[in-house]
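Taking it in order: structure first as structure tokens, then the write-up.
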Protein chains: 2
Amino acid sequence: MKVEKWGVFEIALQGKSEGNPFVDYDIRGTFRSEEEMVTADGFYDGGGTYRVRFMPSFEGEYTYVISGSFSDEETRGHFTAVAPTGNNRGPVRVANKYHLAYEDGTPHYSFGTTCYTFDLIHPAIVEQTFEELKKGYFIKIRFCIMPKHYDFCLKDPVAFPYDGTPMDASVLTRDNFSQYSGAAEGNDWDFTRFNPEFFRIHDRTVQRLMDMGIEADMIVFHAYDRRGFSQMSMEDNLRYVRYVAARYSAYRNVWWALANEYELLGHLKESDWERLAEELTSHDPYHHLISIHNCEAFYDYTKPWITHCSCQRCDHYRTTEYTDDMRRQYGKPVVWDEFGYEGDFPHCWGNFTPEEIVRRSWEAILRGGYAGHGETFQSEDDIIWWCHGGRLKGESARRFRFMWEFLEDVPGCGLKFAHLRDDVHFQWDDKVAVPEDPAYEGDYYFFYFSIWRPPFRQIWIDDETEFDVEIIDTYDMTVTPAGRFKGRFDVPLPGKQYIGVRLKRI
Amino acid sequence: MKVEKWGVFEIALQGKSEGNPFVDYDIRGTFRSEEEMVTADGFYDGGGTYRVRFMPSFEGEYTYVISGSFSDEETRGHFTAVAPTGNNRGPVRVANKYHLAYEDGTPHYSFGTTCYTFDLIHPAIVEQTFEELKKGYFIKIRFCIMPKHYDFCLKDPVAFPYDGTPMDASVLTRDNFSQYSGAAEGNDWDFTRFNPEFFRIHDRTVQRLMDMGIEADMIVFHAYDRRGFSQMSMEDNLRYVRYVAARYSAYRNVWWALANEYELLGHLKESDWERLAEELTSHDPYHHLISIHNCEAFYDYTKPWITHCSCQRCDHYRTTEYTDDMRRQYGKPVVWDEFGYEGDFPHCWGNFTPEEIVRRSWEAILRGGYAGHGETFQSEDDIIWWCHGGRLKGESARRFRFMWEFLEDVPGCGLKFAHLRDDVHFQWDDKVAVPEDPAYEGDYYFFYFSIWRPPFRQIWIDDETEFDVEIIDTYDMTVTPAGRFKGRFDVPLPGKQYIGVRLKRI
């Protein structure tokens, strides 16, 4: 049998089904090649079937042993991990300290979108969402494992994660939905019995995204809930985390968002989050990217298990402009997964203009960070991208593709904010990015003018270097050559907002 | 003789003219009524003439004695201070801790503009400027006493403040002007001999503004200079300060801006500024408003001589949104005299959209502060409002009048930012202002949505109070009644930026 390096090798075995197989028995696989030995937990998938999934990180021959109390016998076998093909570049890792790259070294520029519960609502909407994703605006999608209950997001999912029955939803209205948050009465679940059908939905989603080369940023915990899933005991939480880790870790495109707006799960203390993080990371043999997303105050991103800062804006006005400060404070990649959504929601986080969404994203890029998209347009069918996926309606989405292509043109992997230096004649108010990689120092400069509208800009790097100069309209997505310049020169500009100037050394 | 309370009583006397009358002789007046006794310095006005100016703060009979080494005789006299007429409401004072009011108690809502050197360039431009001021957009104008030299601002003034000759200006270009900053060679001044003709220009300006009811925010020191006036010795600085105080203090509409961008006068230490402030305040018998304006770092506004914070934005992105923090930190009125100018300058401070200028101003108002206008549109005749006055070209100016009228409608004197409170059902992201004066608590609320575009907003103050609700388009300057509401209600909104909602208790 053959599987690609960084592909999913899966073995399914029949085992004991007496009692409660989700908790009464265990299963694990140990996988060996010349290069690595990995032990991975398996999971019970219902109907007497147990599965173990494994992602080989090397090419070559692998042997494995599957063991555990699920069966009285060990199962042994072997397979060959062959070279990756197509868009298979491995899992995304931290690269260049503040940036990201696939394991094969290809830079990953994180432009994601958020569709919290897009794969749980209706198969037709899932198809619509994938059609939109095919447009190539985004390289990552952030979504919840658990169902969601929130304003504009009250639909029942096609399945639930546990055996049992949910509360009666017919009492819900827009005005009273918040009364049914958390552990509302009327839910009846057995948190020791997962519903495999529910988790299979995410199997298919993650696989399909992987095939498209799109990262799956899986939100493990969140508070937008009326069904009690956000109010489980720590014992239940830990069991859930282990199940999720066993089920999804072998997909190379998985990122872990331990929580969305962790503070809203008010009953969980920092020590609880640390314990959950430990459980998740110790059951993920592949060390996927992991972070924890905030509501109003950042988590302490210096914690060693956190690979990158997954941020929501803490200030309504100044947001991604803090990227450089965040980098310095935390020493990790900064990904603004939520700084506002384009749309027409009544909530302040959901009615931004596309111009402001795009500007905030460029402010992040300029400072060596990344920014994520979201869309909250009300619609007659109540299908809203941010929650359900479906159809994109806004103007900002396709502009993320332009940012992505812009970054792909940067030498090395990623940008950093250029602080005023003596050897470069920056002006006091220049906002300039340069390549992160010192090998390209002096080769590339990007000046960004944001909300300002200079009719021209004097640029003066040094007296000798000749540059190809281009004017970039970051909103209208145009790149206009301005000519070759040397020394101190004026670049004529269109006198509108959202303009940048790119210099490339000849 | 009769003079209005808060008017200027002036007496001119001939005196000694041998030697250098500016420094060799002194003159002062002591003015007595039943209510007050004031000693005011006089000044030498050239041609053997000495003047003493006095502003009576009370109605009634005044006697005076003019004395000093300028003459071997004392001069005595009397006059009657009569009731103020027209727009004479007295000097502006701090009121309600964070706000301003004329001495007669009428609130003063500080909406100023900046025309740094508008009265020194050409009489025809002065007339144009006054024509624009007549439109009533502004209640204050900020301008320099000394001539200005800066980018786009290189014209010679019609007179200089001292006897002597300036450097040859024919060498100046846009690219080299900064080489001639400060104490450039070629200037030859006698800093002990003021040029009365120069200072008379400002006499006329201040008087004319006073007649129009417009405050004169006079900038005493600034660094934009090629003629050496910014580089005088402390002895010269102190003499200049005394001359300015003696000359202009009696005009009720004077405010002192001890410096513009004080840090740019790098040779002056904090102790120097404190000394200059002491000299100015101790020679101003009327205790005019006084502040000191920053470039990149605020001066310590807690200093007791500072009556209000005159601020330039320290952050390019978040600016007037800091107003509430500034109020809490300094306990004084916050006036953003410079947070960016509407225009098409290459400099980041001078090419804002009118929308952003207006938005930043409303953010200040919302938080119980004030904001000032500026305009930097390039023009063929090089007459630029921010420096020379002339003609207004932008869209923001008339919108300051709308803000002013909006504030005049607030009960009491001024607004304050309403922090979330238990007894009012504000939403977590509401940005609301209420009257500063506790006597009007519960009578008035102003919700501002800034860059956000809610299609409606749920408002819920309490369950009993009935409100007249109006939708205010702060950019388009419209006030649209939305009806009477009580309890929890949705206000339908136009779904565009820069909208506010005003609630008035019935």
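Identifiers for the structure tokens are assigned positionally: chains receive A, B, ... in sequence, residues are indexed from 1 per chain, and ligands are indexed from 1 in the order shown.
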
Chain A contacts on chain B, only C-alpha atoms, 6 Å, as a PyMOL selection string: chain B and resi 318+345-346+351-352+452-457

Please dump the current selection as a CSV table (one decimal), in the first residue's frame; keep all heavy atoms.
chain,number,residue,atom,x,y,z
B,318,ARG,N,-4.8,56.3,16.0
B,318,ARG,CA,-5.8,56.5,17.1
B,318,ARG,C,-5.4,57.9,17.6
B,318,ARG,O,-4.3,58.2,18.1
B,318,ARG,CB,-5.6,55.5,18.2
B,318,ARG,CG,-6.8,55.3,19.2
B,318,ARG,CD,-6.4,54.3,20.2
B,318,ARG,NE,-7.5,53.8,20.9
B,318,ARG,CZ,-8.2,54.4,21.9
B,318,ARG,NH1,-7.9,55.6,22.3
B,318,ARG,NH2,-9.2,53.7,22.5
B,345,PHE,N,-1.4,67.8,0.6
B,345,PHE,CA,0.0,67.9,0.9
B,345,PHE,C,0.7,66.5,0.8
B,345,PHE,O,0.1,65.5,1.0
B,345,PHE,CB,0.3,68.4,2.3
B,345,PHE,CG,0.5,69.9,2.3
B,345,PHE,CD1,-0.1,70.8,1.4
B,345,PHE,CD2,1.3,70.5,3.3
B,345,PHE,CE1,0.1,72.1,1.4
B,345,PHE,CE2,1.5,71.9,3.4
B,345,PHE,CZ,0.9,72.7,2.4
B,346,PRO,N,2.0,66.5,0.5
B,346,PRO,CA,2.7,65.3,0.5
B,346,PRO,C,2.9,64.7,1.9
B,346,PRO,O,3.1,63.5,2.1
B,346,PRO,CB,4.1,65.6,-0.2
B,346,PRO,CG,4.2,67.1,-0.1
B,346,PRO,CD,2.8,67.6,-0.1
B,351,ASN,N,-2.9,65.6,4.3
B,351,ASN,CA,-3.6,65.1,3.2
B,351,ASN,C,-4.8,64.2,3.6
B,351,ASN,O,-5.1,63.2,2.9
B,351,ASN,CB,-2.7,64.4,2.2
B,351,ASN,CG,-1.9,63.3,2.8
B,351,ASN,OD1,-2.4,62.5,3.5
B,351,ASN,ND2,-0.6,63.2,2.4
B,352,PHE,N,-5.4,64.6,4.7
B,352,PHE,CA,-6.6,63.8,5.1
B,352,PHE,C,-7.8,64.1,4.3
B,352,PHE,O,-8.0,65.2,3.7
B,352,PHE,CB,-6.9,64.2,6.6
B,352,PHE,CG,-6.0,63.5,7.6
B,352,PHE,CD1,-4.9,64.1,8.0
B,352,PHE,CD2,-6.4,62.3,8.1
B,352,PHE,CE1,-4.0,63.5,8.9
B,352,PHE,CE2,-5.5,61.6,9.0
B,352,PHE,CZ,-4.4,62.3,9.4
B,452,TRP,N,-18.5,52.9,11.7
B,452,TRP,CA,-19.4,51.7,11.6
B,452,TRP,C,-20.7,52.0,10.9
B,452,TRP,O,-21.1,53.2,10.8
B,452,TRP,CB,-19.5,51.1,12.9
B,452,TRP,CG,-18.2,50.5,13.4
B,452,TRP,CD1,-17.7,49.3,13.1
B,452,TRP,CD2,-17.3,51.2,14.3
B,452,TRP,NE1,-16.4,49.2,13.6
B,452,TRP,CE2,-16.2,50.3,14.4
B,452,TRP,CE3,-17.2,52.4,14.9
B,452,TRP,CZ2,-15.0,50.6,15.1
B,452,TRP,CZ3,-16.1,52.7,15.7
B,452,TRP,CH2,-15.0,51.8,15.8
B,453,ARG,N,-21.4,51.0,10.4
B,453,ARG,CA,-22.5,51.2,9.5
B,453,ARG,C,-23.7,50.4,10.0
B,453,ARG,O,-24.3,49.6,9.2
B,453,ARG,CB,-22.2,50.9,8.1
B,453,ARG,CG,-21.0,51.6,7.5
B,453,ARG,CD,-20.8,51.1,6.1
B,453,ARG,NE,-20.5,49.7,6.0
B,453,ARG,CZ,-20.4,49.0,4.9
B,453,ARG,NH1,-20.6,49.6,3.7
B,453,ARG,NH2,-20.1,47.7,4.9
B,454,PRO,N,-24.1,50.5,11.2
B,454,PRO,CA,-25.2,49.6,11.6
B,454,PRO,C,-26.5,50.0,10.8
B,454,PRO,O,-26.8,51.2,10.6
B,454,PRO,CB,-25.4,50.0,13.1
B,454,PRO,CG,-24.8,51.3,13.3
B,454,PRO,CD,-23.7,51.3,12.3
B,455,PRO,N,-27.3,49.0,10.4
B,455,PRO,CA,-28.5,49.2,9.7
B,455,PRO,C,-29.6,49.6,10.6
B,455,PRO,O,-30.6,50.2,10.2
B,455,PRO,CB,-28.8,47.9,9.0
B,455,PRO,CG,-28.2,46.9,9.9
B,455,PRO,CD,-27.0,47.6,10.5
B,456,PHE,N,-29.5,49.3,11.9
B,456,PHE,CA,-30.4,49.7,13.0
B,456,PHE,C,-29.5,49.6,14.2
B,456,PHE,O,-28.5,48.9,14.2
B,456,PHE,CB,-31.6,48.9,13.0
B,456,PHE,CG,-31.4,47.5,13.4
B,456,PHE,CD1,-31.4,47.1,14.8
B,456,PHE,CD2,-31.2,46.5,12.5
B,456,PHE,CE1,-31.2,45.8,15.1
B,456,PHE,CE2,-31.0,45.2,12.8
B,456,PHE,CZ,-31.0,44.8,14.1
B,457,ARG,N,-30.0,50.2,15.3
B,457,ARG,CA,-29.4,50.0,16.6
B,457,ARG,C,-30.4,49.8,17.7
B,457,ARG,O,-31.3,50.6,17.7
B,457,ARG,CB,-28.5,51.2,16.9
B,457,ARG,CG,-27.6,51.0,18.1
B,457,ARG,CD,-26.5,50.0,18.0
B,457,ARG,NE,-25.7,49.9,19.2
B,457,ARG,CZ,-24.6,49.1,19.3
B,457,ARG,NH1,-24.2,48.4,18.2
B,457,ARG,NH2,-24.0,49.0,20.4

Spatial neighbours of Pro56 of chain B, 10 Å, only C-alpha atoms, chain gap at least 5 places, as number ranges by chain: B: 3-9, 31-33, 35-38, 61-62, 80-82, 90, 250, 252, 286

DSSP-assigned helix (DSSP H, G or I) among segment 283-444 of chain B, expressed as a PyMOL selection string: chain B and resi 320-330+348-350+354-366+385-388+397-408+438-440

Would you put the residues from that selection into a file with N, CA and C atoms, as a compact mmCIF listing (two decimals), in the first residue's frame?
# COMPACT_ATOMS: atom_id res chain seq x y z
N THR B 320 -7.99 61.46 18.44
CA THR B 320 -8.97 62.07 19.33
C THR B 320 -9.74 61.02 20.13
N GLU B 321 -9.63 59.77 19.76
CA GLU B 321 -10.24 58.70 20.56
C GLU B 321 -9.59 58.62 21.94
N TYR B 322 -8.45 59.27 22.11
CA TYR B 322 -7.79 59.30 23.43
C TYR B 322 -8.35 60.41 24.33
N THR B 323 -9.32 61.18 23.85
CA THR B 323 -9.76 62.36 24.60
C THR B 323 -10.16 62.02 26.03
N ASP B 324 -10.92 60.96 26.19
CA ASP B 324 -11.39 60.61 27.53
C ASP B 324 -10.22 60.24 28.44
N ASP B 325 -9.26 59.50 27.90
CA ASP B 325 -8.06 59.17 28.68
C ASP B 325 -7.30 60.44 29.06
N MET B 326 -7.18 61.37 28.13
CA MET B 326 -6.47 62.63 28.40
C MET B 326 -7.17 63.40 29.52
N ARG B 327 -8.48 63.46 29.46
CA ARG B 327 -9.23 64.16 30.51
C ARG B 327 -8.93 63.55 31.87
N ARG B 328 -8.96 62.23 31.93
CA ARG B 328 -8.72 61.57 33.21
C ARG B 328 -7.28 61.79 33.69
N GLN B 329 -6.35 61.75 32.71
CA GLN B 329 -4.95 61.88 33.10
C GLN B 329 -4.61 63.29 33.58
N TYR B 330 -5.17 64.30 32.90
CA TYR B 330 -4.73 65.67 33.17
C TYR B 330 -5.77 66.51 33.91
N CYS B 348 2.11 63.50 5.70
CA CYS B 348 1.00 62.68 6.21
C CYS B 348 0.03 63.49 7.05
N TRP B 349 0.48 64.59 7.64
CA TRP B 349 -0.43 65.39 8.47
C TRP B 349 -1.28 66.32 7.62
N GLY B 350 -1.05 66.38 6.34
CA GLY B 350 -1.71 67.39 5.52
C GLY B 350 -2.44 66.85 4.31
N PRO B 354 -11.78 64.88 4.01
CA PRO B 354 -12.66 65.63 4.91
C PRO B 354 -13.45 64.70 5.84
N GLU B 355 -13.79 63.53 5.35
CA GLU B 355 -14.53 62.58 6.19
C GLU B 355 -13.74 62.23 7.45
N GLU B 356 -12.44 62.00 7.29
CA GLU B 356 -11.63 61.61 8.44
C GLU B 356 -11.44 62.79 9.39
N ILE B 357 -11.31 63.99 8.85
CA ILE B 357 -11.19 65.19 9.70
C ILE B 357 -12.47 65.35 10.53
N VAL B 358 -13.59 65.19 9.88
CA VAL B 358 -14.86 65.37 10.58
C VAL B 358 -15.06 64.24 11.59
N ARG B 359 -14.74 63.02 11.20
CA ARG B 359 -14.88 61.90 12.13
C ARG B 359 -14.01 62.10 13.37
N ARG B 360 -12.77 62.46 13.17
CA ARG B 360 -11.88 62.65 14.33
C ARG B 360 -12.40 63.76 15.24
N SER B 361 -13.00 64.76 14.65
CA SER B 361 -13.55 65.84 15.47
C SER B 361 -14.72 65.35 16.32
N TRP B 362 -15.58 64.55 15.71
CA TRP B 362 -16.72 64.01 16.47
C TRP B 362 -16.27 63.04 17.55
N GLU B 363 -15.20 62.31 17.28
CA GLU B 363 -14.67 61.42 18.33
C GLU B 363 -14.24 62.25 19.53
N ALA B 364 -13.70 63.44 19.29
CA ALA B 364 -13.31 64.33 20.39
C ALA B 364 -14.55 64.83 21.14
N ILE B 365 -15.51 65.30 20.40
CA ILE B 365 -16.75 65.81 21.00
C ILE B 365 -17.41 64.74 21.87
N LEU B 366 -17.51 63.56 21.30
CA LEU B 366 -18.15 62.42 21.97
C LEU B 366 -17.57 62.18 23.35
N TRP B 385 -4.35 77.87 3.34
CA TRP B 385 -5.09 78.30 4.54
C TRP B 385 -4.31 78.08 5.84
N TRP B 386 -3.75 76.91 5.98
CA TRP B 386 -3.03 76.53 7.20
C TRP B 386 -1.88 77.49 7.52
N CYS B 387 -1.29 78.07 6.49
CA CYS B 387 -0.19 78.99 6.73
C CYS B 387 -0.61 80.44 6.50
N HIS B 388 -1.28 80.71 5.38
CA HIS B 388 -1.50 82.09 4.95
C HIS B 388 -2.93 82.57 5.11
N ALA B 397 -14.54 72.40 6.65
CA ALA B 397 -14.70 73.65 7.42
C ALA B 397 -16.14 73.87 7.86
N ARG B 398 -17.08 73.82 6.91
CA ARG B 398 -18.45 74.15 7.29
C ARG B 398 -19.05 73.11 8.22
N ARG B 399 -18.45 71.94 8.27
CA ARG B 399 -18.95 70.89 9.17
C ARG B 399 -18.57 71.15 10.63
N PHE B 400 -17.62 72.05 10.85
CA PHE B 400 -17.32 72.46 12.22
C PHE B 400 -18.46 73.32 12.78
N ARG B 401 -19.06 74.10 11.93
CA ARG B 401 -20.22 74.89 12.36
C ARG B 401 -21.36 73.98 12.83
N PHE B 402 -21.53 72.89 12.10
CA PHE B 402 -22.58 71.93 12.49
C PHE B 402 -22.29 71.31 13.85
N MET B 403 -21.02 70.99 14.09
CA MET B 403 -20.63 70.45 15.41
C MET B 403 -20.92 71.47 16.50
N TRP B 404 -20.57 72.68 16.20
CA TRP B 404 -20.75 73.76 17.16
C TRP B 404 -22.23 73.92 17.51
N GLU B 405 -23.07 73.92 16.50
CA GLU B 405 -24.52 74.03 16.75
C GLU B 405 -25.03 72.82 17.50
N PHE B 406 -24.46 71.67 17.17
CA PHE B 406 -24.83 70.44 17.90
C PHE B 406 -24.53 70.60 19.38
N LEU B 407 -23.36 71.12 19.71
CA LEU B 407 -22.99 71.25 21.12
C LEU B 407 -23.81 72.33 21.82
N GLU B 408 -24.17 73.38 21.09
CA GLU B 408 -25.00 74.41 21.70
C GLU B 408 -26.36 73.87 22.14
N PRO B 438 -24.12 67.21 35.93
CA PRO B 438 -24.98 66.17 36.53
C PRO B 438 -26.44 66.61 36.67
N ALA B 439 -26.68 67.91 36.62
CA ALA B 439 -28.07 68.38 36.71
C ALA B 439 -28.93 67.84 35.57
N TYR B 440 -28.26 67.48 34.47
CA TYR B 440 -29.01 67.01 33.29
C TYR B 440 -28.88 65.50 33.08

If you run DSSP on the backbone, which residues of segment 273-478 of chain B are strand (DSSP E or B), as a tab-separated table (two decimals) with N, CA, C and O atoms, in the first residue's frame?
chain	number	residue	atom	x	y	z
B	290	ILE	N	-3.96	79.36	28.77
B	290	ILE	CA	-2.61	79.14	28.27
B	290	ILE	C	-2.33	77.65	28.21
B	290	ILE	O	-2.73	76.89	29.10
B	291	SER	N	-1.65	77.24	27.15
B	291	SER	CA	-1.21	75.86	27.02
B	291	SER	C	0.08	75.82	26.22
B	291	SER	O	0.64	76.88	25.87
B	309	CYS	N	-5.36	71.28	27.82
B	309	CYS	CA	-4.45	70.51	26.98
B	309	CYS	C	-4.64	70.96	25.54
B	309	CYS	O	-5.71	70.80	24.97
B	310	SER	N	-3.61	71.53	24.96
B	310	SER	CA	-3.62	71.86	23.53
B	310	SER	C	-2.76	70.81	22.84
B	310	SER	O	-1.54	70.82	22.96
B	311	CYS	N	-3.42	69.90	22.13
B	311	CYS	CA	-2.74	68.67	21.72
B	311	CYS	C	-2.58	68.54	20.22
B	311	CYS	O	-3.48	68.87	19.45
B	312	GLN	N	-1.45	67.97	19.86
B	312	GLN	CA	-1.32	67.34	18.55
B	312	GLN	C	-1.38	65.84	18.79
B	312	GLN	O	-0.92	65.35	19.81
B	334	VAL	N	-9.65	69.29	27.03
B	334	VAL	CA	-8.78	68.73	25.99
B	334	VAL	C	-9.17	69.34	24.65
B	334	VAL	O	-10.30	69.15	24.18
B	335	VAL	N	-8.26	70.08	24.07
B	335	VAL	CA	-8.48	70.71	22.76
B	335	VAL	C	-7.44	70.15	21.80
B	335	VAL	O	-6.24	70.37	21.97
B	336	TRP	N	-7.93	69.41	20.81
B	336	TRP	CA	-7.03	68.85	19.79
B	336	TRP	C	-6.81	69.91	18.72
B	336	TRP	O	-7.58	70.00	17.76
B	337	ASP	N	-5.78	70.71	18.91
B	337	ASP	CA	-5.54	71.78	17.95
B	337	ASP	C	-4.95	71.26	16.65
B	337	ASP	O	-4.94	71.97	15.65
B	338	GLU	N	-4.43	70.06	16.71
B	338	GLU	CA	-3.84	69.52	15.47
B	338	GLU	C	-3.91	68.01	15.53
B	338	GLU	O	-3.18	67.37	16.27
B	342	GLU	N	-7.10	68.57	6.43
B	342	GLU	CA	-7.68	68.20	5.13
B	342	GLU	C	-6.82	68.82	4.03
B	342	GLU	O	-6.48	70.01	4.10
B	343	GLY	N	-6.50	68.03	3.01
B	343	GLY	CA	-5.73	68.65	1.94
B	343	GLY	C	-5.05	67.66	1.01
B	343	GLY	O	-5.42	66.48	0.96
B	352	PHE	N	-5.42	64.57	4.69
B	352	PHE	CA	-6.58	63.80	5.15
B	352	PHE	C	-7.80	64.07	4.27
B	352	PHE	O	-7.96	65.15	3.72
B	370	TYR	N	-12.56	68.88	22.39
B	370	TYR	CA	-12.79	69.79	21.27
B	370	TYR	C	-11.72	69.54	20.22
B	370	TYR	O	-10.64	69.03	20.51
B	371	ALA	N	-12.04	69.94	18.99
B	371	ALA	CA	-11.14	69.64	17.88
B	371	ALA	C	-11.01	70.84	16.97
B	371	ALA	O	-11.97	71.61	16.81
B	373	HIS	N	-9.69	72.72	13.25
B	373	HIS	CA	-9.64	72.55	11.80
B	373	HIS	C	-8.30	73.04	11.24
B	373	HIS	O	-7.64	73.90	11.81
B	375	GLU	N	-6.36	73.25	7.01
B	375	GLU	CA	-6.54	72.94	5.59
B	375	GLU	C	-5.23	73.16	4.85
B	375	GLU	O	-4.64	74.24	4.93
B	376	THR	N	-4.79	72.15	4.13
B	376	THR	CA	-3.50	72.23	3.44
B	376	THR	C	-3.66	71.79	1.98
B	376	THR	O	-3.15	70.74	1.58
B	415	LEU	N	-20.22	67.89	26.87
B	415	LEU	CA	-20.51	66.46	26.97
B	415	LEU	C	-19.41	65.74	27.73
B	415	LEU	O	-18.34	66.28	27.96
B	416	LYS	N	-19.70	64.52	28.11
B	416	LYS	CA	-18.66	63.60	28.58
B	416	LYS	C	-18.98	62.21	28.06
B	416	LYS	O	-20.12	61.91	27.71
B	417	PHE	N	-17.95	61.40	27.98
B	417	PHE	CA	-18.11	60.02	27.53
B	417	PHE	C	-18.83	59.23	28.62
B	417	PHE	O	-18.48	59.33	29.80
B	432	VAL	N	-21.19	56.44	23.70
B	432	VAL	CA	-22.27	57.36	24.06
B	432	VAL	C	-21.72	58.54	24.84
B	432	VAL	O	-20.85	58.37	25.69
B	433	ALA	N	-22.25	59.71	24.54
B	433	ALA	CA	-21.95	60.90	25.32
B	433	ALA	C	-23.20	61.34	26.08
B	433	ALA	O	-24.32	61.19	25.58
B	434	VAL	N	-22.98	61.90	27.25
B	434	VAL	CA	-24.06	62.47	28.07
B	434	VAL	C	-23.61	63.84	28.55
B	434	VAL	O	-22.43	64.16	28.48
B	435	PRO	N	-24.54	64.67	29.04
B	435	PRO	CA	-24.12	65.99	29.49
B	435	PRO	C	-23.11	65.91	30.64
B	435	PRO	O	-23.23	65.05	31.51
B	444	TYR	N	-30.35	63.38	28.24
B	444	TYR	CA	-29.78	63.53	26.90
B	444	TYR	C	-28.73	62.43	26.70
B	444	TYR	O	-27.87	62.22	27.57
B	445	TYR	N	-28.80	61.77	25.55
B	445	TYR	CA	-27.78	60.77	25.18
B	445	TYR	C	-27.43	60.97	23.71
B	445	TYR	O	-28.31	61.22	22.89
B	446	PHE	N	-26.16	60.83	23.42
B	446	PHE	CA	-25.74	60.88	22.02
B	446	PHE	C	-24.90	59.64	21.71
B	446	PHE	O	-23.81	59.45	22.26
B	447	PHE	N	-25.44	58.80	20.85
B	447	PHE	CA	-24.73	57.59	20.39
B	447	PHE	C	-24.04	57.93	19.07
B	447	PHE	O	-24.65	58.50	18.16
B	448	TYR	N	-22.77	57.57	18.97
B	448	TYR	CA	-22.03	57.87	17.73
B	448	TYR	C	-21.47	56.57	17.16
B	448	TYR	O	-20.86	55.78	17.88
B	456	PHE	N	-29.47	49.27	11.88
B	456	PHE	CA	-30.36	49.73	12.96
B	456	PHE	C	-29.55	49.58	14.23
B	456	PHE	O	-28.49	48.95	14.24
B	457	ARG	N	-30.04	50.17	15.30
B	457	ARG	CA	-29.36	49.99	16.57
B	457	ARG	C	-30.38	49.85	17.65
B	457	ARG	O	-31.32	50.64	17.72
B	458	GLN	N	-30.19	48.82	18.46
B	458	GLN	CA	-31.08	48.65	19.60
B	458	GLN	C	-30.58	49.54	20.73
B	458	GLN	O	-29.40	49.53	21.07
B	459	ILE	N	-31.49	50.35	21.25
B	459	ILE	CA	-31.16	51.24	22.36
B	459	ILE	C	-32.10	50.92	23.50
B	459	ILE	O	-33.29	50.65	23.30
B	460	TRP	N	-31.54	50.94	24.71
B	460	TRP	CA	-32.31	50.58	25.88
B	460	TRP	C	-31.71	51.31	27.08
B	460	TRP	O	-30.72	50.86	27.64
B	466	GLU	N	-39.39	58.21	28.32
B	466	GLU	CA	-39.73	58.41	26.91
B	466	GLU	C	-38.77	59.43	26.31
B	466	GLU	O	-38.45	60.45	26.94
B	467	PHE	N	-38.31	59.15	25.11
B	467	PHE	CA	-37.32	60.01	24.45
B	467	PHE	C	-37.79	60.41	23.06
B	467	PHE	O	-38.39	59.62	22.34
B	468	ASP	N	-37.45	61.67	22.72
B	468	ASP	CA	-37.48	62.06	21.32
B	468	ASP	C	-36.15	61.62	20.71
B	468	ASP	O	-35.08	61.94	21.23
B	469	VAL	N	-36.23	60.88	19.62
B	469	VAL	CA	-35.03	60.30	19.03
B	469	VAL	C	-34.78	60.93	17.67
B	469	VAL	O	-35.71	61.05	16.86
B	470	GLU	N	-33.55	61.35	17.45
B	470	GLU	CA	-33.17	61.95	16.15
B	470	GLU	C	-31.93	61.24	15.62
B	470	GLU	O	-31.03	60.88	16.38
B	471	ILE	N	-31.89	61.09	14.31
B	471	ILE	CA	-30.73	60.51	13.65
B	471	ILE	C	-29.92	61.66	13.08
B	471	ILE	O	-30.43	62.50	12.33
B	472	ILE	N	-28.65	61.69	13.44
B	472	ILE	CA	-27.79	62.78	13.01
B	472	ILE	C	-26.75	62.24	12.05
B	472	ILE	O	-25.98	61.34	12.39
B	473	ASP	N	-26.77	62.75	10.84
B	473	ASP	CA	-25.73	62.42	9.89
B	473	ASP	C	-24.64	63.48	10.06
B	473	ASP	O	-24.77	64.61	9.60
B	478	THR	N	-27.27	66.50	8.63
B	478	THR	CA	-28.73	66.45	8.71
B	478	THR	C	-29.16	65.92	10.07
B	478	THR	O	-28.45	65.11	10.68

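Considering the residues A:Cys295, A:Val171, A:Val244, A:Cys144 and counting only C-alpha atoms, Asp45 of chain A has its shortest atom-to-atom contact with A:Val244.
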
Exercise: Glu197 of chain B partners within 9 Å, only C-alpha atoms, chain neighbours under 6 positions left out, as a PyMOL selection string: chain B and resi 45-46+159-161

Contacts of His287 of chain B at 12 Å (only C-alpha atoms; same-chain gap of 5+ positions) as number ranges by chain: B: 38, 55, 57, 91-94, 103, 245, 249-256, 277-278, 280-282, 305-307

All residues 12 Å or closer to Glu464 of chain B, only C-alpha atoms, same chain fewer than 2 positions away omitted, as a ChimeraX atom specification: /B:424,442,460-462,466-467,485-488,505-506

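Of note, atom CA of Tyr64 of chain A and atom CA of Gly213 of chain A are spaced 27.7 Å apart.
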